[in-house]
$ cat work31.txt   # compact mmCIF, C-alpha atoms and all ligand atoms
# COMPACT_ATOMS: atom_id res chain seq x y z
CA LEU Y 51 -45.25 30.87 -54.09
CA PRO Y 52 -49.02 31.43 -54.18
CA LEU Y 53 -50.25 31.52 -50.58
CA LEU Y 54 -53.65 30.08 -51.46
CA GLY Y 55 -52.23 27.53 -53.89
CA SER Y 56 -53.86 26.78 -57.23
CA ALA Y 57 -57.56 27.26 -58.03
CA SER Y 58 -58.24 23.56 -57.52
CA LYS Y 59 -57.34 24.00 -53.82
CA LEU Y 60 -59.54 27.05 -53.22
CA HIS Y 61 -62.45 25.02 -51.80
CA ARG Y 62 -60.14 24.32 -48.86
CA THR Y 63 -57.66 27.21 -48.78
CA ILE Y 64 -60.36 29.90 -48.79
CA ARG Y 65 -61.78 28.26 -45.63
CA CYS Y 66 -58.44 27.31 -44.08
CA PRO Y 67 -55.35 28.87 -45.73
CA ALA Y 68 -53.10 26.94 -43.33
CA SER Y 69 -53.90 23.81 -45.34
CA ASN Y 70 -51.57 25.10 -48.07
CA LEU Y 71 -48.89 26.53 -45.77
CA LEU Y 72 -48.33 23.80 -43.18
CA PRO Y 73 -46.06 20.93 -44.35
CA GLN Y 74 -47.86 18.84 -46.99
CA VAL Y 75 -47.13 15.53 -45.34
CA ALA Y 76 -50.26 13.38 -45.83
CA GLU Y 77 -49.31 10.28 -47.77
CA LEU Y 78 -51.41 9.62 -50.86
CA SER Y 79 -53.01 6.19 -50.90
CA GLU Y 80 -52.43 3.88 -53.86
CA LYS Y 81 -56.10 4.38 -54.77
CA VAL Y 82 -55.70 8.18 -54.94
CA ILE Y 83 -52.51 7.90 -57.06
CA VAL Y 84 -54.20 5.50 -59.51
CA ALA Y 85 -57.26 7.78 -59.75
CA GLY Y 86 -54.99 10.80 -60.34
CA ASN Y 87 -53.10 9.10 -63.18
CA ARG Y 88 -56.37 8.02 -64.80
CA GLY Y 89 -57.74 11.55 -64.48
CA THR Y 90 -54.65 13.07 -66.09
CA ALA Y 91 -54.85 10.61 -68.99
CA LEU Y 92 -58.57 11.14 -69.62
CA HIS Y 93 -58.23 14.93 -69.44
CA ARG Y 94 -55.44 14.78 -72.05
CA TYR Y 95 -57.60 12.56 -74.24
CA LEU Y 96 -60.58 14.94 -73.96
CA GLN Y 97 -58.33 17.89 -74.81
CA LEU Y 98 -57.01 16.34 -78.03
CA ALA Y 99 -59.81 14.04 -79.23
CA PRO Y 100 -62.06 16.65 -80.92
CA GLU Y 101 -59.36 17.08 -83.62
CA SER Y 102 -58.09 13.50 -83.80
CA GLU Y 103 -59.12 10.54 -81.68
CA GLU Y 104 -56.07 8.61 -82.87
CA GLU Y 105 -53.65 11.36 -81.82
CA ALA Y 106 -55.45 11.68 -78.51
CA LEU Y 107 -55.07 7.95 -77.85
CA ALA Y 108 -51.40 8.10 -78.83
CA ALA Y 109 -50.87 10.81 -76.18
CA ILE Y 110 -52.07 8.69 -73.26
CA PRO Y 111 -50.88 5.37 -71.76
CA GLU Y 112 -52.33 2.29 -73.47
CA GLN Y 113 -54.06 1.06 -70.33
CA TYR Y 114 -56.64 3.87 -70.70
CA HIS Y 115 -57.36 3.40 -74.44
CA ALA Y 116 -60.32 1.03 -74.12
CA GLU Y 117 -62.06 3.26 -71.58
CA ALA Y 118 -61.34 6.48 -73.50
CA ARG Y 119 -62.78 4.98 -76.70
CA THR Y 120 -66.18 4.56 -75.00
CA ILE Y 121 -66.56 8.30 -74.28
CA PRO Y 122 -69.30 9.85 -76.49
CA LEU Y 123 -67.32 12.88 -77.66
CA SER Y 124 -70.36 14.65 -79.09
CA ALA Y 125 -71.73 14.90 -75.53
CA CYS Y 126 -68.55 16.57 -74.19
CA ALA Y 127 -68.37 20.35 -73.80
CA GLY Y 128 -64.99 20.64 -75.51
CA THR Y 129 -66.16 19.42 -78.91
CA ARG Y 130 -67.80 22.81 -79.42
CA THR Y 131 -64.74 24.92 -78.78
CA PRO Y 132 -61.48 25.51 -80.71
CA PRO Y 133 -58.30 23.82 -79.40
CA GLU Y 134 -56.84 27.03 -77.99
CA LEU Y 135 -59.87 27.25 -75.66
CA ARG Y 136 -59.28 23.83 -74.14
CA GLU Y 137 -56.92 23.52 -71.15
CA VAL Y 138 -56.72 27.30 -70.81
CA ALA Y 139 -54.16 28.28 -68.16
CA MET Y 140 -54.79 31.60 -66.42
CA VAL Y 141 -53.56 33.44 -63.34
CA HIS Y 142 -55.62 35.73 -61.08
CA ASN Y 143 -53.68 38.26 -59.01
CA LEU Y 144 -55.57 39.22 -55.86
CA GLU Y 145 -53.46 42.34 -55.23
CA THR Y 146 -53.88 44.02 -58.63
CA GLU Y 147 -57.14 42.21 -59.51
CA GLU Y 148 -55.63 41.54 -62.93
CA CYS Y 149 -55.96 38.21 -64.70
CA ARG Y 150 -53.68 36.88 -67.43
CA GLN Y 151 -53.46 33.92 -69.74
CA VAL Y 152 -50.23 31.94 -69.34
CA ILE Y 153 -48.53 28.90 -70.79
CA CYS Y 154 -48.65 25.93 -68.44
CA LYS Y 155 -46.70 22.72 -68.96
CA ASP Y 156 -46.91 19.79 -66.56
CA ARG Y 157 -48.73 21.99 -64.03
CA GLU Y 158 -45.89 24.55 -64.08
CA TYR Y 159 -47.27 28.08 -64.48
CA GLY Y 160 -43.94 29.95 -64.59
CA GLU Y 161 -43.10 32.66 -62.10
CA LEU Y 162 -45.88 33.32 -59.62
CA ALA Y 163 -46.37 35.84 -56.81
CA ASP Y 164 -47.72 35.15 -53.29
CA GLU Y 165 -51.05 36.69 -54.24
CA ASP Y 166 -51.47 34.81 -57.52
CA ILE Y 167 -54.03 32.05 -58.05
CA PRO Y 168 -53.06 29.89 -61.03
CA GLY Y 169 -55.56 27.50 -62.60
CA THR Y 170 -56.54 25.73 -65.78
CA ALA Y 171 -60.04 25.68 -67.26
CA ASP Y 172 -60.71 22.45 -69.16
CA VAL Y 173 -63.00 24.22 -71.63
CA VAL Y 174 -63.88 27.87 -72.24
CA ILE Y 175 -66.65 28.91 -74.62
CA VAL Y 176 -66.97 32.60 -75.46
CA GLY Y 177 -70.32 33.88 -76.69
CA PHE Y 178 -72.00 37.26 -77.13
CA ARG Y 179 -72.02 38.82 -73.64
CA THR Y 180 -71.83 35.32 -72.20
CA ALA Y 181 -69.18 32.70 -71.63
CA GLU Y 182 -69.05 29.14 -70.37
CA ILE Y 183 -66.50 27.37 -68.19
CA TRP Y 184 -66.50 23.60 -68.14
CA ASP Y 185 -64.62 21.36 -65.76
CA TYR Y 186 -64.24 17.64 -66.44
CA LYS Y 187 -64.28 15.41 -63.37
CA THR Y 188 -63.19 11.79 -63.60
CA GLY Y 189 -63.41 10.92 -59.89
CA SER Y 190 -66.47 9.54 -58.15
CA TYR Y 191 -66.56 12.13 -55.33
CA PRO Y 192 -69.74 14.20 -55.97
CA VAL Y 193 -69.01 17.79 -56.99
CA GLN Y 194 -71.53 20.60 -57.49
CA PRO Y 195 -71.17 23.71 -59.67
CA GLU Y 196 -72.94 25.96 -57.14
CA ASP Y 197 -70.57 27.90 -54.85
CA ASN Y 198 -67.69 26.05 -56.49
CA TYR Y 199 -64.63 28.26 -55.86
CA GLN Y 200 -62.53 26.61 -58.58
CA LEU Y 201 -65.21 27.32 -61.19
CA LEU Y 202 -65.84 30.83 -59.86
CA ASP Y 203 -62.15 31.63 -60.14
CA ALA Y 204 -62.03 30.28 -63.70
CA ALA Y 205 -65.13 32.35 -64.53
CA LEU Y 206 -63.54 35.48 -63.06
CA LYS Y 207 -60.30 34.92 -65.01
CA THR Y 208 -62.28 34.39 -68.22
CA ALA Y 209 -64.40 37.49 -67.61
CA ARG Y 210 -61.21 39.57 -67.26
CA THR Y 211 -59.33 38.09 -70.25
CA LEU Y 212 -61.15 36.23 -73.01
CA ALA Y 213 -64.71 37.42 -72.38
CA ARG Y 214 -64.55 41.02 -71.17
CA GLN Y 215 -68.06 41.70 -72.50
CA ALA Y 216 -69.65 38.77 -70.71
CA THR Y 217 -72.26 39.73 -68.12
CA HIS Y 218 -73.20 36.13 -67.26
CA ILE Y 219 -71.06 33.03 -67.18
CA VAL Y 220 -72.16 29.42 -67.15
CA CYS Y 221 -70.12 27.37 -64.67
CA GLY Y 222 -70.46 23.71 -65.58
CA ILE Y 223 -69.17 20.33 -64.51
CA GLN Y 224 -69.12 17.19 -66.61
CA GLN Y 225 -68.52 14.26 -64.29
CA PHE Y 226 -67.75 11.01 -66.12
CA LYS Y 227 -69.61 7.92 -64.92
CA ASN Y 228 -69.64 4.34 -66.14
CA ARG Y 229 -72.97 3.36 -67.66
CA GLY Y 230 -74.07 -0.02 -69.04
CA ARG Y 231 -72.42 -3.43 -68.70
CA GLY Y 232 -70.03 -5.64 -70.61
CA GLU Y 233 -69.51 -4.54 -74.20
CA LYS Y 234 -72.11 -1.81 -73.82
CA LYS Y 235 -70.21 -0.14 -70.95
CA LYS Y 236 -69.54 3.53 -71.67
CA LEU Y 237 -67.91 6.44 -69.85
CA VAL Y 238 -70.63 9.08 -70.07
CA PRO Y 239 -70.52 12.72 -68.92
CA GLN Y 240 -73.15 13.75 -66.39
CA THR Y 241 -73.70 17.47 -66.81
CA LYS Y 242 -74.51 20.03 -64.12
CA ALA Y 243 -74.30 23.80 -64.47
CA THR Y 244 -75.14 27.09 -62.82
CA VAL Y 245 -74.98 30.70 -64.01
CA VAL Y 246 -73.06 33.46 -62.27
CA ASP Y 247 -72.91 37.21 -62.90
CA ARG Y 248 -70.33 39.94 -62.28
CA PHE Y 249 -71.60 40.45 -58.71
CA ASP Y 250 -70.95 36.79 -57.93
CA LEU Y 251 -67.43 37.16 -59.32
CA ASP Y 252 -66.77 40.27 -57.19
CA ALA Y 253 -68.05 38.42 -54.10
CA HIS Y 254 -65.71 35.53 -54.90
CA GLU Y 255 -62.74 37.89 -55.22
CA HIS Y 256 -63.63 39.60 -51.93
CA ARG Y 257 -63.77 36.20 -50.19
CA ALA Y 258 -60.42 35.18 -51.69
CA LYS Y 259 -58.82 38.47 -50.57
CA LYS Y 260 -59.96 37.86 -47.00
CA ALA Y 261 -58.44 34.37 -47.19
CA LEU Y 262 -55.20 35.88 -48.52
CA ALA Y 263 -55.01 38.24 -45.54
CA LEU Y 264 -55.47 35.27 -43.21
CA ALA Y 265 -52.87 33.30 -45.18
CA ARG Y 266 -50.35 36.07 -44.49
CA GLU Y 267 -51.10 35.78 -40.74
CA VAL Y 268 -50.70 32.01 -40.95
CA LYS Y 269 -47.36 32.39 -42.73
CA GLU Y 270 -46.10 34.89 -40.13
CA ALA Y 271 -47.07 32.52 -37.31
CA ILE Y 272 -45.34 29.56 -38.98
CA ASP Y 273 -42.20 31.63 -39.68
CA ALA Y 274 -42.15 32.74 -36.02
CA GLY Y 275 -42.48 29.14 -34.82
CA GLU Y 276 -45.96 29.77 -33.41
CA THR Y 277 -49.13 27.72 -33.84
CA PRO Y 278 -50.95 29.12 -36.87
CA PRO Y 279 -54.72 29.75 -36.92
CA VAL Y 280 -56.58 26.84 -38.54
CA ARG Y 281 -60.26 26.26 -39.31
CA LYS Y 282 -61.50 22.75 -38.92
CA GLY Y 283 -64.46 21.58 -41.02
CA PRO Y 284 -65.66 19.15 -43.69
CA TRP Y 285 -62.91 20.48 -46.00
CA CYS Y 286 -60.31 18.74 -43.78
CA LEU Y 287 -61.25 15.38 -45.40
CA PHE Y 288 -58.45 15.24 -47.99
CA CYS Y 289 -56.23 17.96 -46.50
CA PRO Y 290 -52.55 17.26 -47.29
CA ALA Y 291 -51.48 19.00 -44.05
CA LYS Y 292 -53.76 17.00 -41.74
CA PRO Y 293 -51.06 14.82 -40.08
CA GLY Y 294 -49.28 17.93 -38.75
CA CYS Y 295 -52.35 20.08 -38.16
CA PRO Y 296 -52.85 21.44 -34.59
CA ALA Y 297 -56.64 20.97 -34.91
CA TRP Y 298 -56.34 17.17 -35.03
S1 LIG Z 1 -56.71 19.58 -41.46
FE1 LIG Z 1 -58.36 21.07 -41.60
S2 LIG Z 1 -57.93 22.57 -40.02
FE2 LIG Z 1 -56.03 21.42 -40.40
S3 LIG Z 1 -54.91 22.60 -41.92
FE3 LIG Z 1 -56.13 21.07 -43.01
S4 LIG Z 1 -58.04 22.12 -43.54
FE4 LIG Z 1 -57.04 23.32 -41.93
$ encode --input "work31.txt" --output "structure tokens"
Amino acid sequence: LPLLGSASKLHRTIRCPASNLLPQVAELSEKVIVAGNRGTALHRYLQLAPESEEEALAAIPEQYHAEARTIPLSACAGTRTPPELREVAMVHNLETEECRQVICKDREYGELADEDIPGTADVVIVGFRTAEIWDYKTGSYPVQPEDNYQLLDAALKTARTLARQATHIVCGIQQFKNRGRGEKKKLVPQTKATVVDRFDLDAHEHRAKKALALAREVKEAIDAGETPPVRKGPWCLFCPAKPGCPAW
């Protein structure tokens, strides 16, 4: 299994690979589970709605229909891209440096190697020597596009598959926030973006390779029954391994 986990975990596993290799024992609070289910439903809606809002609503639980209907689709990045470039699943192999597009169903990416990083880009836009990666966020935790390892990994995968000519890639986040009150309440995307180039992507890969080497040391220590190296920091906040972590 991938030692660094999926791209969405890279913000933590690049800094502390043990967070993916120690037992994942932290219990999710009811609040986190509810937020996760809402996020999954709204992502599915945003994936399907540009073709048919009715079909998109039919694909998600009814409890999210009213909220989904308030989203101004014309302001969402995915309305400008064909369906095959929404929810694009890709895998980055840190050993071979190759990236590949894969089919992903219910977060299952098929067979993966230790050095693979699987991930899904919500929206990819391919231009002339440019590309754009967009990530929808439905949670309230503030997220920035700068130095965002999940976005950098999606940009690198895109640059090595769908957009081989791209010299610059826009890494963007659309975070959905409630605006207005009562009947005028809407779920509106707040857009933030940064631009990266091929040097930034190489630097990201170099950083991930160093984390992979450390992950191998962590795995050896765990297999030998020894205390693995861990790195405590702000990224511990939602770490699923925190209850069993030697740093706490
Ligand atoms: S709690 Fe922090 S130090 Fe411990 S494994 Fe998780 S990220 Fe690493």
$ residues_around --input "work31.txt" --residues "Leu264 (chain Y)" --least-positions-apart "5" --cutoff "10 Å" --atoms "only C-alpha atoms" --output "list of chain:residue names"
Y:Leu53, Y:Leu54, Y:Ile64, Y:Arg65, Y:Cys66, Y:Pro67, Y:Ala68, Y:Ala258, Y:Lys259, Y:Lys269, Y:Glu270, Y:Pro278, Y:Pro279, Y:Val280
$ atom_distance --input "work31.txt" --atom1 "CA of Pro284 (chain Y)" --atom2 "CA of Val141 (chain Y)"
27.1 Å
$ residues_near_ligand --input "work31.txt" --ligand "ligand LIG 1 (chain Z)" --cutoff "6 Å" --atoms "all atoms listed in the file" --output "list in words"
Cys66, Ala68, Ser69, Val280, Arg281, Lys282, Trp285, Cys286, Cys289, Ala291, Lys292, Cys295 and Ala297 of chain Y
$ atom_distance --input "work31.txt" --atom1 "CA of Thr241 (chain Y)" --atom2 "CA of Asp197 (chain Y)"
16.2 Å
$ closest_residue --input "work31.txt" --among "Y:His93, Y:Lys59, Y:Arg157, Y:His254" --to "Arg136 (chain Y)" --atoms "all atoms listed in the file"
Y:His93
$ atom_distance --input "work31.txt" --atom1 "CA of Glu165 (chain Y)" --atom2 "CA of Gln215 (chain Y)"
25.5 Å
$ closest_residue --input "work31.txt" --among "Y:Tyr191, Y:Arg214, Y:Glu105, Y:Val173" --to "Val82 (chain Y)" --atoms "only C-alpha atoms"
Y:Tyr191
$ closest_residue --input "work31.txt" --among "Y:Tyr114, Y:Ala204, Y:Ile83, Y:Asp164" --to "Glu145 (chain Y)" --atoms "only C-alpha atoms"
Y:Asp164
$ residues_around --input "work31.txt" --residues "Pro239 (chain Y)" --least-positions-apart "6" --cutoff "6 Å" --atoms "only C-alpha atoms" --output "VMD selection string"
chain Y and resid 224 to 226
$ residues_around --input "work31.txt" --residues "Arg94 (chain Y)" --least-positions-apart "2" --cutoff "9 Å" --atoms "only C-alpha atoms" --output "JSON, numbers by chain"
{"Y": [89, 90, 91, 92, 96, 97, 98, 99, 106, 107, 109, 110, 137]}
$ closest_residue --input "work31.txt" --among "Y:Val138, Y:Leu72, Y:Ala271, Y:Leu202" --to "Gly55 (chain Y)" --atoms "only C-alpha atoms"
Y:Leu72
$ residues_around --input "work31.txt" --residues "Pro195 (chain Y)" --least-positions-apart "3" --cutoff "6 Å" --atoms "only C-alpha atoms" --output "PDB file with C-alpha atoms, in the coordinates of the input"
ATOM      1  CA  ASN Y 198     -67.690  26.050 -56.490  1.00  0.00           C
ATOM      2  CA  GLY Y 222     -70.460  23.710 -65.580  1.00  0.00           C
ATOM      3  CA  ALA Y 243     -74.300  23.800 -64.470  1.00  0.00           C
TER       4      ALA Y 243
END
$ axis_aligned_box --input "work31.txt" --around "region 262-271 of chain Y" --padding-each-side "3 Å" --output "lines of an AutoDock Vina configuration file"
center_x = -50.8
center_y = 35.1
center_z = -42.9
size_x = 15.4
size_y = 12.2
size_z = 17.2
$ closest_residue --input "work31.txt" --among "Y:Arg231, Y:Glu134, Y:Ala181, Y:Thr188" --to "Ala216 (chain Y)" --atoms "all atoms listed in the file"
Y:Ala181
$ residues_around --input "work31.txt" --residues "Ala127 (chain Y)" --least-positions-apart "5" --cutoff "9 Å" --atoms "all atoms listed in the file" --output "short mmCIF file (atom, residue, chain, number, x, y, z; two decimals) with C-alpha atoms, in the frame of the given file"
data_model
loop_
_atom_site.label_atom_id
_atom_site.label_comp_id
_atom_site.auth_asym_id
_atom_site.auth_seq_id
_atom_site.Cartn_x
_atom_site.Cartn_y
_atom_site.Cartn_z
CA VAL Y 173 -63.00 24.22 -71.63
CA VAL Y 174 -63.88 27.87 -72.24
CA ILE Y 175 -66.65 28.91 -74.62
CA TRP Y 184 -66.50 23.60 -68.14
CA ASP Y 185 -64.62 21.36 -65.76
CA TYR Y 186 -64.24 17.64 -66.44
CA GLN Y 224 -69.12 17.19 -66.61
#
$ closest_residue --input "work31.txt" --among "Y:Val75, Y:Leu135, Y:Ala108, Y:Ala116" --to "Lys235 (chain Y)" --atoms "only C-alpha atoms"
Y:Ala116
